[in-house]
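Chemist: Pasting a structure here, questions to come.
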Amino acid sequence: MNATIATHDFSDSQALANALAAQVAVNLRAGIAQRGHAVLALSGGSTPKHFFAALAQQELAWAQVSVTLVDERWVPESDERSNAAMVRKLLLVGAAAEARFVPLYEAAPTPDAALADVTARIDALPQPFDVVVLGMGPDGHTASFFPGGDHLSRALDLHGRDSVLSMRAEGAGESRITLSLPRLLATRALYLHFEGAQKREIFDKARTAPVSTTGYPISAVLTQDVTPVDVYWCP
Ligand code: 6PG
């Protein structure tokens, strides 16, 4: 049986960003009310920019929120491709600057050299997470689950024990570090956020495609039956 997938359509990116930010804030407030804290894992790339800015405006007890990333490019925060730098610049501002940020990158030459450390940081966070927001690339990747990635099958193994893996793939640019699929599915709310008719076509195909190391990795999220997925998108 496949995951329950609910699709929420918006007319433009700002309406999409506002609605997703409002919904994520509802989830975070519920976590804080019920457990005293909430954990939010975010994607990088370009799509989340408006969403981060809208989320930063939400009224909530930010000091009770831990923010981390679902994946990171292995570059320092001084690099314009750093997802951490984008989170700091667009989300962790104003009242939201009180949130605790748990970065994936650290000053080590490779993600493999830092893997034990990053795994310890992620495993120290309360589980399950409250919210995970995934993005999707035009090749059907999500997090750093890239087609042909060197650790892709391990990362997608629903019964695997790794919470964090390094990833190298032709389409990825620099080396990456990524949370594993089972770690990302261990969340109270799971969102997939994308824009554009081309990505919508990939999403529609990936929903029914078999999971393989060369197909669309997002299929692994859309065909699992562990965690329902709420899709927020606009053309
Ligand atoms: C990353 C991401 C990645 C992203 C997709 C979509 O670090 O690259 O976390 O998985 O969500 O690549 O990126 P765009 O929004 O730029 O298309």
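Following the order of the structure tokens, first chain is A, next is B, and so on, with residues numbered from 1 inside each chain and ligands from 1 in the order they appear.
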Within 9 Å of ligand 1, which residues show up when you count only C-alpha atoms and all ligand atoms? List them as an mmCIF file with all heavy atoms, in the first residue's frame, please.
Modeler:
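The new file result.cif reads:
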```
data_model
loop_
_atom_site.group_PDB
_atom_site.id
_atom_site.type_symbol
_atom_site.label_atom_id
_atom_site.label_comp_id
_atom_site.auth_asym_id
_atom_site.auth_seq_id
_atom_site.Cartn_x
_atom_site.Cartn_y
_atom_site.Cartn_z
ATOM 1 N N LEU A 42 14.587 21.039 7.331
ATOM 2 C CA LEU A 42 14.278 21.776 6.107
ATOM 3 C C LEU A 42 15.172 21.388 4.948
ATOM 4 O O LEU A 42 16.325 20.987 5.148
ATOM 5 C CB LEU A 42 14.476 23.273 6.371
ATOM 6 C CG LEU A 42 13.529 23.874 7.409
ATOM 7 C CD1 LEU A 42 14.030 25.255 7.825
ATOM 8 C CD2 LEU A 42 12.115 23.944 6.861
ATOM 9 N N SER A 43 14.663 21.601 3.744
ATOM 10 C CA SER A 43 15.463 21.420 2.534
ATOM 11 C C SER A 43 16.090 22.743 2.127
ATOM 12 O O SER A 43 15.610 23.813 2.501
ATOM 13 C CB SER A 43 14.572 20.939 1.391
ATOM 14 O OG SER A 43 14.183 19.611 1.628
ATOM 15 N N GLY A 44 17.136 22.636 1.316
ATOM 16 C CA GLY A 44 17.756 23.843 0.770
ATOM 17 C C GLY A 44 17.334 24.036 -0.676
ATOM 18 O O GLY A 44 16.192 23.751 -1.035
ATOM 19 N N GLY A 45 18.267 24.483 -1.505
ATOM 20 C CA GLY A 45 17.929 24.769 -2.897
ATOM 21 C C GLY A 45 17.243 26.130 -2.993
ATOM 22 O O GLY A 45 17.197 26.887 -2.015
ATOM 23 N N SER A 46 16.662 26.433 -4.138
ATOM 24 C CA SER A 46 16.114 27.784 -4.327
ATOM 25 C C SER A 46 14.634 27.896 -3.985
ATOM 26 O O SER A 46 14.164 28.958 -3.579
ATOM 27 C CB SER A 46 16.356 28.231 -5.770
ATOM 28 O OG SER A 46 15.846 27.254 -6.640
ATOM 29 N N THR A 47 13.869 26.829 -4.121
ATOM 30 C CA THR A 47 12.417 26.904 -3.905
ATOM 31 C C THR A 47 12.027 27.449 -2.520
ATOM 32 O O THR A 47 11.083 28.231 -2.432
ATOM 33 C CB THR A 47 11.771 25.519 -4.139
ATOM 34 O OG1 THR A 47 12.210 25.039 -5.402
ATOM 35 C CG2 THR A 47 10.260 25.578 -4.107
ATOM 36 N N PRO A 48 12.707 27.059 -1.428
ATOM 37 C CA PRO A 48 12.194 27.460 -0.100
ATOM 38 C C PRO A 48 12.388 28.921 0.291
ATOM 39 O O PRO A 48 11.986 29.299 1.387
ATOM 40 C CB PRO A 48 12.972 26.561 0.869
ATOM 41 C CG PRO A 48 13.728 25.597 0.078
ATOM 42 C CD PRO A 48 13.836 26.125 -1.306
ATOM 43 N N LYS A 49 12.983 29.749 -0.572
ATOM 44 C CA LYS A 49 13.307 31.117 -0.119
ATOM 45 C C LYS A 49 12.103 31.897 0.414
ATOM 46 O O LYS A 49 12.137 32.438 1.520
ATOM 47 C CB LYS A 49 13.987 31.903 -1.239
ATOM 48 C CG LYS A 49 15.393 31.395 -1.485
ATOM 49 C CD LYS A 49 16.133 32.163 -2.533
ATOM 50 C CE LYS A 49 17.540 31.562 -2.638
ATOM 51 N NZ LYS A 49 18.263 31.989 -3.818
ATOM 52 N N LEU A 69 18.644 20.553 8.827
ATOM 53 C CA LEU A 69 18.470 20.406 7.377
ATOM 54 C C LEU A 69 18.293 18.940 7.025
ATOM 55 O O LEU A 69 18.847 18.064 7.704
ATOM 56 C CB LEU A 69 19.711 20.950 6.663
ATOM 57 C CG LEU A 69 19.839 22.477 6.693
ATOM 58 C CD1 LEU A 69 21.275 22.909 6.447
ATOM 59 C CD2 LEU A 69 18.910 23.099 5.636
ATOM 60 N N VAL A 70 17.565 18.673 5.951
ATOM 61 C CA VAL A 70 17.451 17.281 5.502
ATOM 62 C C VAL A 70 18.715 16.869 4.745
ATOM 63 O O VAL A 70 19.050 15.694 4.674
ATOM 64 C CB VAL A 70 16.198 17.036 4.624
ATOM 65 C CG1 VAL A 70 14.935 17.484 5.342
ATOM 66 C CG2 VAL A 70 16.283 17.687 3.265
ATOM 67 N N ASP A 71 19.411 17.860 4.164
ATOM 68 C CA ASP A 71 20.681 17.567 3.488
ATOM 69 C C ASP A 71 21.485 18.850 3.341
ATOM 70 O O ASP A 71 20.964 19.938 3.537
ATOM 71 C CB ASP A 71 20.453 16.927 2.107
ATOM 72 C CG ASP A 71 19.961 17.911 1.055
ATOM 73 O OD1 ASP A 71 19.131 18.775 1.399
ATOM 74 O OD2 ASP A 71 20.422 17.824 -0.095
ATOM 75 N N GLU A 72 22.758 18.669 3.020
ATOM 76 C CA GLU A 72 23.641 19.828 2.865
ATOM 77 C C GLU A 72 24.690 19.543 1.812
ATOM 78 O O GLU A 72 25.139 18.401 1.649
ATOM 79 C CB GLU A 72 24.311 20.142 4.212
ATOM 80 C CG GLU A 72 25.262 21.315 4.230
ATOM 81 C CD GLU A 72 24.598 22.662 3.900
ATOM 82 O OE1 GLU A 72 24.317 22.901 2.694
ATOM 83 O OE2 GLU A 72 24.395 23.466 4.838
ATOM 84 N N ARG A 73 25.048 20.607 1.095
ATOM 85 C CA ARG A 73 26.192 20.529 0.174
ATOM 86 C C ARG A 73 27.439 20.699 1.045
ATOM 87 O O ARG A 73 27.432 21.519 1.964
ATOM 88 C CB ARG A 73 26.099 21.672 -0.836
ATOM 89 C CG ARG A 73 24.847 21.607 -1.726
ATOM 90 C CD ARG A 73 23.872 22.694 -1.415
ATOM 91 N NE ARG A 73 22.617 22.550 -2.178
ATOM 92 C CZ ARG A 73 22.232 23.436 -3.085
ATOM 93 N NH1 ARG A 73 22.956 24.502 -3.337
ATOM 94 N NH2 ARG A 73 21.100 23.255 -3.721
ATOM 95 N N ARG A 81 26.385 28.383 -2.053
ATOM 96 C CA ARG A 81 25.577 27.158 -2.185
ATOM 97 C C ARG A 81 25.246 26.507 -0.838
ATOM 98 O O ARG A 81 24.585 25.473 -0.793
ATOM 99 C CB ARG A 81 26.280 26.172 -3.123
ATOM 100 C CG ARG A 81 26.156 26.645 -4.585
ATOM 101 C CD ARG A 81 26.746 25.681 -5.567
ATOM 102 N NE ARG A 81 26.362 24.295 -5.431
ATOM 103 C CZ ARG A 81 25.188 23.779 -5.815
ATOM 104 N NH1 ARG A 81 24.273 24.548 -6.355
ATOM 105 N NH2 ARG A 81 24.951 22.481 -5.662
ATOM 106 N N SER A 82 25.694 27.105 0.250
ATOM 107 C CA SER A 82 25.442 26.519 1.571
ATOM 108 C C SER A 82 23.966 26.639 1.950
ATOM 109 O O SER A 82 23.407 27.740 2.003
ATOM 110 C CB SER A 82 26.300 27.250 2.607
ATOM 111 O OG SER A 82 25.808 27.019 3.906
ATOM 112 N N ASN A 83 23.328 25.520 2.234
ATOM 113 C CA ASN A 83 21.935 25.552 2.698
ATOM 114 C C ASN A 83 21.848 26.198 4.085
ATOM 115 O O ASN A 83 20.899 26.919 4.392
ATOM 116 C CB ASN A 83 21.346 24.138 2.739
ATOM 117 C CG ASN A 83 21.101 23.569 1.351
ATOM 118 O OD1 ASN A 83 20.947 24.314 0.389
ATOM 119 N ND2 ASN A 83 21.055 22.243 1.235
ATOM 120 N N VAL A 133 10.355 19.075 5.742
ATOM 121 C CA VAL A 133 9.942 19.653 4.455
ATOM 122 C C VAL A 133 10.955 19.216 3.402
ATOM 123 O O VAL A 133 12.135 19.556 3.491
ATOM 124 C CB VAL A 133 9.872 21.199 4.500
ATOM 125 C CG1 VAL A 133 9.349 21.725 3.163
ATOM 126 C CG2 VAL A 133 8.990 21.677 5.649
ATOM 127 N N LEU A 134 10.486 18.463 2.433
ATOM 128 C CA LEU A 134 11.343 18.011 1.334
ATOM 129 C C LEU A 134 11.130 18.886 0.110
ATOM 130 O O LEU A 134 10.050 19.433 -0.091
ATOM 131 C CB LEU A 134 10.996 16.562 0.962
ATOM 132 C CG LEU A 134 11.277 15.511 2.031
ATOM 133 C CD1 LEU A 134 10.742 14.155 1.590
ATOM 134 C CD2 LEU A 134 12.780 15.420 2.326
ATOM 135 N N GLY A 135 12.155 18.980 -0.725
ATOM 136 C CA GLY A 135 12.030 19.601 -2.034
ATOM 137 C C GLY A 135 12.197 18.515 -3.086
ATOM 138 O O GLY A 135 12.305 17.326 -2.763
ATOM 139 N N MET A 136 12.233 18.898 -4.329
ATOM 140 C CA MET A 136 12.435 17.914 -5.400
ATOM 141 C C MET A 136 13.151 18.587 -6.564
ATOM 142 O O MET A 136 12.766 19.683 -6.972
ATOM 143 C CB MET A 136 11.087 17.366 -5.865
ATOM 144 C CG MET A 136 11.216 16.270 -6.911
ATOM 145 S SD MET A 136 9.596 15.604 -7.361
ATOM 146 C CE MET A 136 8.951 16.912 -8.365
ATOM 147 N N GLY A 137 14.187 17.933 -7.075
ATOM 148 C CA GLY A 137 14.922 18.468 -8.223
ATOM 149 C C GLY A 137 14.319 17.971 -9.525
ATOM 150 O O GLY A 137 13.502 17.039 -9.537
ATOM 151 N N PRO A 138 14.733 18.564 -10.636
ATOM 152 C CA PRO A 138 14.179 18.182 -11.947
ATOM 153 C C PRO A 138 14.551 16.757 -12.369
ATOM 154 O O PRO A 138 13.934 16.204 -13.280
ATOM 155 C CB PRO A 138 14.766 19.208 -12.918
ATOM 156 C CG PRO A 138 15.828 19.941 -12.173
ATOM 157 C CD PRO A 138 15.658 19.695 -10.717
ATOM 158 N N ASP A 139 15.528 16.151 -11.678
ATOM 159 C CA ASP A 139 15.880 14.750 -11.952
ATOM 160 C C ASP A 139 15.157 13.804 -10.989
ATOM 161 O O ASP A 139 15.449 12.617 -10.924
ATOM 162 C CB ASP A 139 17.399 14.556 -11.818
ATOM 163 C CG ASP A 139 17.916 15.005 -10.458
ATOM 164 O OD1 ASP A 139 17.113 15.520 -9.639
ATOM 165 O OD2 ASP A 139 19.123 14.842 -10.190
ATOM 166 N N GLY A 140 14.229 14.358 -10.200
ATOM 167 C CA GLY A 140 13.488 13.520 -9.256
ATOM 168 C C GLY A 140 14.237 13.256 -7.960
ATOM 169 O O GLY A 140 13.827 12.423 -7.163
ATOM 170 N N HIS A 141 15.342 14.005 -7.711
ATOM 171 C CA HIS A 141 16.016 13.797 -6.411
ATOM 172 C C HIS A 141 15.270 14.541 -5.319
ATOM 173 O O HIS A 141 14.573 15.524 -5.580
ATOM 174 C CB HIS A 141 17.496 14.200 -6.466
ATOM 175 C CG HIS A 141 17.790 15.662 -6.311
ATOM 176 N ND1 HIS A 141 17.996 16.515 -7.364
ATOM 177 C CD2 HIS A 141 17.914 16.423 -5.198
ATOM 178 C CE1 HIS A 141 18.244 17.735 -6.924
ATOM 179 N NE2 HIS A 141 18.184 17.716 -5.610
ATOM 180 N N THR A 142 15.424 14.048 -4.115
ATOM 181 C CA THR A 142 14.922 14.756 -2.942
ATOM 182 C C THR A 142 15.971 14.564 -1.865
ATOM 183 O O THR A 142 16.731 13.587 -1.904
ATOM 184 C CB THR A 142 13.538 14.230 -2.505
ATOM 185 O OG1 THR A 142 13.007 15.115 -1.517
ATOM 186 C CG2 THR A 142 13.602 12.813 -1.939
ATOM 187 N N ALA A 143 16.026 15.493 -0.869
ATOM 188 C CA ALA A 143 17.176 15.528 0.044
ATOM 189 C C ALA A 143 18.431 15.376 -0.832
ATOM 190 O O ALA A 143 18.508 16.006 -1.893
ATOM 191 C CB ALA A 143 17.029 14.456 1.112
ATOM 192 N N SER A 144 19.400 14.519 -0.469
ATOM 193 C CA SER A 144 20.507 14.255 -1.412
ATOM 194 C C SER A 144 20.401 12.830 -1.953
ATOM 195 O O SER A 144 21.397 12.134 -2.143
ATOM 196 C CB SER A 144 21.869 14.517 -0.770
ATOM 197 O OG SER A 144 22.112 15.903 -0.711
ATOM 198 N N PHE A 145 19.174 12.396 -2.184
ATOM 199 C CA PHE A 145 18.948 11.083 -2.816
ATOM 200 C C PHE A 145 18.983 11.319 -4.324
ATOM 201 O O PHE A 145 17.945 11.567 -4.961
ATOM 202 C CB PHE A 145 17.586 10.509 -2.422
ATOM 203 C CG PHE A 145 17.328 10.444 -0.929
ATOM 204 C CD1 PHE A 145 16.027 10.519 -0.438
ATOM 205 C CD2 PHE A 145 18.364 10.286 -0.018
ATOM 206 C CE1 PHE A 145 15.765 10.452 0.924
ATOM 207 C CE2 PHE A 145 18.109 10.219 1.353
ATOM 208 C CZ PHE A 145 16.809 10.303 1.816
ATOM 209 N N PHE A 146 20.193 11.296 -4.891
ATOM 210 C CA PHE A 146 20.354 11.564 -6.329
ATOM 211 C C PHE A 146 20.365 10.271 -7.123
ATOM 212 O O PHE A 146 20.951 9.269 -6.663
ATOM 213 C CB PHE A 146 21.687 12.298 -6.584
ATOM 214 C CG PHE A 146 21.633 13.756 -6.250
ATOM 215 C CD1 PHE A 146 21.920 14.192 -4.972
ATOM 216 C CD2 PHE A 146 21.278 14.700 -7.205
ATOM 217 C CE1 PHE A 146 21.853 15.532 -4.641
ATOM 218 C CE2 PHE A 146 21.207 16.045 -6.896
ATOM 219 C CZ PHE A 146 21.499 16.463 -5.607
ATOM 220 N N ALA A 172 25.016 15.972 -8.594
ATOM 221 C CA ALA A 172 24.928 16.647 -7.293
ATOM 222 C C ALA A 172 25.868 17.824 -7.139
ATOM 223 O O ALA A 172 25.718 18.603 -6.202
ATOM 224 C CB ALA A 172 25.195 15.640 -6.179
ATOM 225 N N ARG A 176 27.870 15.597 -0.797
ATOM 226 C CA ARG A 176 26.713 15.952 0.035
ATOM 227 C C ARG A 176 26.676 15.117 1.299
ATOM 228 O O ARG A 176 27.285 14.055 1.388
ATOM 229 C CB ARG A 176 25.418 15.648 -0.730
ATOM 230 C CG ARG A 176 25.316 16.306 -2.084
ATOM 231 C CD ARG A 176 24.621 17.608 -1.954
ATOM 232 N NE ARG A 176 24.389 18.239 -3.231
ATOM 233 C CZ ARG A 176 23.258 18.870 -3.545
ATOM 234 N NH1 ARG A 176 22.246 18.886 -2.715
ATOM 235 N NH2 ARG A 176 23.145 19.486 -4.706
ATOM 236 N N THR A 178 23.398 13.699 3.860
ATOM 237 C CA THR A 178 21.931 13.651 3.833
ATOM 238 C C THR A 178 21.395 12.788 4.973
ATOM 239 O O THR A 178 22.034 11.814 5.370
ATOM 240 C CB THR A 178 21.444 13.077 2.478
ATOM 241 O OG1 THR A 178 20.033 13.212 2.374
ATOM 242 C CG2 THR A 178 21.818 11.600 2.282
ATOM 243 N N HIS A 193 7.499 20.100 -1.167
ATOM 244 C CA HIS A 193 7.270 21.482 -1.614
ATOM 245 C C HIS A 193 7.989 21.680 -2.945
ATOM 246 O O HIS A 193 9.211 21.540 -3.004
ATOM 247 C CB HIS A 193 7.862 22.386 -0.520
ATOM 248 C CG HIS A 193 7.840 23.848 -0.819
ATOM 249 N ND1 HIS A 193 8.736 24.727 -0.266
ATOM 250 C CD2 HIS A 193 7.026 24.600 -1.597
ATOM 251 C CE1 HIS A 193 8.474 25.958 -0.679
ATOM 252 N NE2 HIS A 193 7.453 25.901 -1.487
ATOM 253 N N PHE A 194 7.238 21.961 -4.007
ATOM 254 C CA PHE A 194 7.905 22.225 -5.290
ATOM 255 C C PHE A 194 7.065 23.171 -6.132
ATOM 256 O O PHE A 194 5.877 23.394 -5.859
ATOM 257 C CB PHE A 194 8.207 20.920 -6.054
ATOM 258 C CG PHE A 194 7.000 20.137 -6.493
ATOM 259 C CD1 PHE A 194 6.330 20.453 -7.666
ATOM 260 C CD2 PHE A 194 6.524 19.079 -5.728
ATOM 261 C CE1 PHE A 194 5.211 19.717 -8.080
ATOM 262 C CE2 PHE A 194 5.408 18.342 -6.121
ATOM 263 C CZ PHE A 194 4.749 18.667 -7.308
ATOM 264 N N GLU A 195 7.705 23.702 -7.164
ATOM 265 C CA GLU A 195 7.033 24.644 -8.065
ATOM 266 C C GLU A 195 7.297 24.244 -9.507
ATOM 267 O O GLU A 195 8.380 23.767 -9.821
ATOM 268 C CB GLU A 195 7.596 26.065 -7.866
ATOM 269 C CG GLU A 195 7.320 26.629 -6.498
ATOM 270 C CD GLU A 195 7.786 28.076 -6.348
ATOM 271 O OE1 GLU A 195 8.261 28.674 -7.334
ATOM 272 O OE2 GLU A 195 7.652 28.584 -5.219
ATOM 273 N N LYS A 199 8.109 19.973 -12.808
ATOM 274 C CA LYS A 199 8.269 19.152 -11.600
ATOM 275 C C LYS A 199 6.969 18.394 -11.303
ATOM 276 O O LYS A 199 6.984 17.285 -10.799
ATOM 277 C CB LYS A 199 8.691 20.006 -10.413
ATOM 278 C CG LYS A 199 10.164 20.418 -10.465
ATOM 279 C CD LYS A 199 10.604 21.051 -9.159
ATOM 280 C CE LYS A 199 12.078 21.457 -9.229
ATOM 281 N NZ LYS A 199 12.519 22.126 -8.008
#
```
Chemist: Within 12 Å of Ser78 (chain A), counting only C-alpha atoms, which residues qualify if same-chain residues fewer than 5 places away don't, as a ChimeraX atom specification?
Modeler: /A:83-86,88-89,105,107
Chemist: Just the residues within 9 Å of region 203-212 of chain A, please, counting only C-alpha atoms, with nothing from its chain fewer than 4 positions along; format it as a tab-separated table (two decimals) with N, CA, C and O atoms, in the first residue's frame.
Modeler:
```
chain	number	residue	atom	x	y	z
A	2	ASN	N	0.51	2.25	-0.82
A	2	ASN	CA	1.29	3.48	-0.87
A	2	ASN	C	0.87	4.45	0.23
A	2	ASN	O	-0.22	4.38	0.76
A	136	MET	N	12.23	18.90	-4.33
A	136	MET	CA	12.44	17.91	-5.40
A	136	MET	C	13.15	18.59	-6.56
A	136	MET	O	12.77	19.68	-6.97
A	140	GLY	N	14.23	14.36	-10.20
A	140	GLY	CA	13.49	13.52	-9.26
A	140	GLY	C	14.24	13.26	-7.96
A	140	GLY	O	13.83	12.42	-7.16
A	147	PRO	N	19.78	10.29	-8.34
A	147	PRO	CA	19.87	9.10	-9.20
A	147	PRO	C	21.35	8.71	-9.35
A	147	PRO	O	22.19	9.59	-9.57
A	153	SER	N	21.24	3.34	-2.36
A	153	SER	CA	20.40	2.22	-1.86
A	153	SER	C	20.40	2.17	-0.34
A	153	SER	O	19.36	1.90	0.25
A	156	LEU	N	18.05	4.85	0.96
A	156	LEU	CA	16.61	4.61	0.73
A	156	LEU	C	16.09	3.37	1.46
A	156	LEU	O	14.89	3.10	1.42
A	198	GLN	N	6.85	21.38	-14.87
A	198	GLN	CA	7.79	20.30	-15.20
A	198	GLN	C	7.99	19.37	-13.99
A	198	GLN	O	7.99	18.14	-14.12
A	199	LYS	N	8.11	19.97	-12.81
A	199	LYS	CA	8.27	19.15	-11.60
A	199	LYS	C	6.97	18.39	-11.30
A	199	LYS	O	6.98	17.28	-10.80
A	216	TYR	N	13.52	7.78	-10.39
A	216	TYR	CA	13.34	9.00	-9.60
A	216	TYR	C	13.40	8.65	-8.11
A	216	TYR	O	12.51	7.98	-7.59
A	217	PRO	N	14.39	9.16	-7.39
A	217	PRO	CA	14.48	8.83	-5.95
A	217	PRO	C	13.25	9.27	-5.15
A	217	PRO	O	12.89	8.63	-4.17
A	218	ILE	N	12.57	10.32	-5.60
A	218	ILE	CA	11.38	10.78	-4.87
A	218	ILE	C	10.31	9.67	-4.82
A	218	ILE	O	9.46	9.66	-3.92
A	219	SER	N	10.36	8.72	-5.75
A	219	SER	CA	9.42	7.59	-5.72
A	219	SER	C	9.48	6.86	-4.39
A	219	SER	O	8.46	6.34	-3.91
A	220	ALA	N	10.66	6.83	-3.79
A	220	ALA	CA	10.81	6.12	-2.51
A	220	ALA	C	9.98	6.80	-1.42
A	220	ALA	O	9.50	6.14	-0.49
A	221	VAL	N	9.80	8.11	-1.52
A	221	VAL	CA	8.99	8.83	-0.54
A	221	VAL	C	7.51	8.65	-0.86
A	221	VAL	O	6.68	8.48	0.03
A	222	LEU	N	7.20	8.64	-2.15
A	222	LEU	CA	5.80	8.64	-2.57
A	222	LEU	C	5.18	7.24	-2.58
A	222	LEU	O	3.95	7.12	-2.66
A	223	THR	N	6.00	6.21	-2.50
A	223	THR	CA	5.45	4.85	-2.54
A	223	THR	C	5.60	4.11	-1.21
A	223	THR	O	5.21	2.96	-1.11
```
Chemist: Report the residues of region 16-231 of chain A whose backbone DSSP state falls under strand (DSSP E or B), written as a PyMOL selection string.
Modeler: chain A and resi 38-42+65-69+71-73+100-102+129-134+142+145+164-167+176-179+187-195+229-231
Chemist: Near region 117-128 of chain A, counting only C-alpha atoms, which residues have an atom at most 8 Å away, once you skip same-chain residues fewer than 6 positions from it, shown as a count of residues only?
Modeler: 9
Chemist: Using DSSP on the backbone, list every residue of chain A that comes out as alpha helix (DSSP H), and give them as number ranges by chain.
Modeler: A: 13-35, 49-56, 83-86, 111-123, 152-156, 181-185, 197-206, 219-222
Chemist: Hey, what's within 9 Å of Asp112 (chain A) if we count only C-alpha atoms and toss same-chain stuff fewer than 4 positions away? As a PyMOL selection string, please?
Modeler: chain A and resi 108+116+165-166+177
Chemist: Could those selected residues go to a file with all heavy atoms, as a PDB file, in the first residue's frame?
Modeler:
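Output file selection13.pdb is given in full below:
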```
ATOM      1  N   ALA A 108      35.333  19.921   8.046  1.00  0.00           N
ATOM      2  CA  ALA A 108      36.091  18.681   7.821  1.00  0.00           C
ATOM      3  C   ALA A 108      36.239  18.578   6.302  1.00  0.00           C
ATOM      4  O   ALA A 108      35.385  19.086   5.570  1.00  0.00           O
ATOM      5  CB  ALA A 108      35.327  17.486   8.373  1.00  0.00           C
ATOM      6  N   ALA A 116      30.486  10.656  11.742  1.00  0.00           N
ATOM      7  CA  ALA A 116      30.182  10.212  13.111  1.00  0.00           C
ATOM      8  C   ALA A 116      29.655  11.385  13.934  1.00  0.00           C
ATOM      9  O   ALA A 116      28.666  11.261  14.670  1.00  0.00           O
ATOM     10  CB  ALA A 116      31.421   9.607  13.755  1.00  0.00           C
ATOM     11  N   LEU A 165      24.044   9.893   5.897  1.00  0.00           N
ATOM     12  CA  LEU A 165      24.998   9.278   4.958  1.00  0.00           C
ATOM     13  C   LEU A 165      25.647  10.366   4.109  1.00  0.00           C
ATOM     14  O   LEU A 165      25.040  11.409   3.870  1.00  0.00           O
ATOM     15  CB  LEU A 165      24.290   8.310   4.004  1.00  0.00           C
ATOM     16  CG  LEU A 165      23.650   7.094   4.642  1.00  0.00           C
ATOM     17  CD1 LEU A 165      22.145   7.257   4.682  1.00  0.00           C
ATOM     18  CD2 LEU A 165      24.000   5.837   3.870  1.00  0.00           C
ATOM     19  N   SER A 166      26.854  10.060   3.624  1.00  0.00           N
ATOM     20  CA  SER A 166      27.445  10.948   2.623  1.00  0.00           C
ATOM     21  C   SER A 166      26.909  10.514   1.270  1.00  0.00           C
ATOM     22  O   SER A 166      26.434   9.391   1.108  1.00  0.00           O
ATOM     23  CB  SER A 166      28.970  10.850   2.652  1.00  0.00           C
ATOM     24  OG  SER A 166      29.371   9.540   2.308  1.00  0.00           O
ATOM     25  N   ILE A 177      25.859  15.582   2.222  1.00  0.00           N
ATOM     26  CA  ILE A 177      25.521  14.776   3.391  1.00  0.00           C
ATOM     27  C   ILE A 177      23.998  14.813   3.477  1.00  0.00           C
ATOM     28  O   ILE A 177      23.377  15.830   3.149  1.00  0.00           O
ATOM     29  CB  ILE A 177      26.211  15.309   4.659  1.00  0.00           C
ATOM     30  CG1 ILE A 177      26.141  14.278   5.781  1.00  0.00           C
ATOM     31  CG2 ILE A 177      25.656  16.659   5.102  1.00  0.00           C
ATOM     32  CD1 ILE A 177      27.277  14.368   6.761  1.00  0.00           C
TER      33      ILE A 177
END
```
Chemist: Measuring between only C-alpha atoms, which one of A:Asn27, A:Glu77, A:Ala33, A:Phe51 shows the shortest distance to Ala15 (chain A)?
Modeler: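 Among A:Asn27, A:Glu77, A:Ala33, A:Phe51, it is A:Phe51 that comes nearest to Ala15 (chain A).
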Chemist: For Pro109 (chain A), which of A:Val75, A:Ile5, A:Leu91, A:Val131 is the closest residue, counting only C-alpha atoms?
Modeler: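 With only C-alpha atoms as the atom set, the closest residue is A:Val75.
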Chemist: May I ask which of the residues A:Thr213, A:Ser180, A:Gln64, A:Gln14 is the closest one to Ala38 (chain A), counting only C-alpha atoms?
Modeler: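 Nearest candidate to Ala38 (chain A) out of A:Thr213, A:Ser180, A:Gln64, A:Gln14: A:Gln64.
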Chemist: With distances taken over only C-alpha atoms, which residue among A:Ala41, A:Ala56, A:Val65, A:Leu115 lies nearest Leu92 (chain A)?
Modeler: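 Among A:Ala41, A:Ala56, A:Val65, A:Leu115, it is A:Ala56 that comes nearest to Leu92 (chain A).
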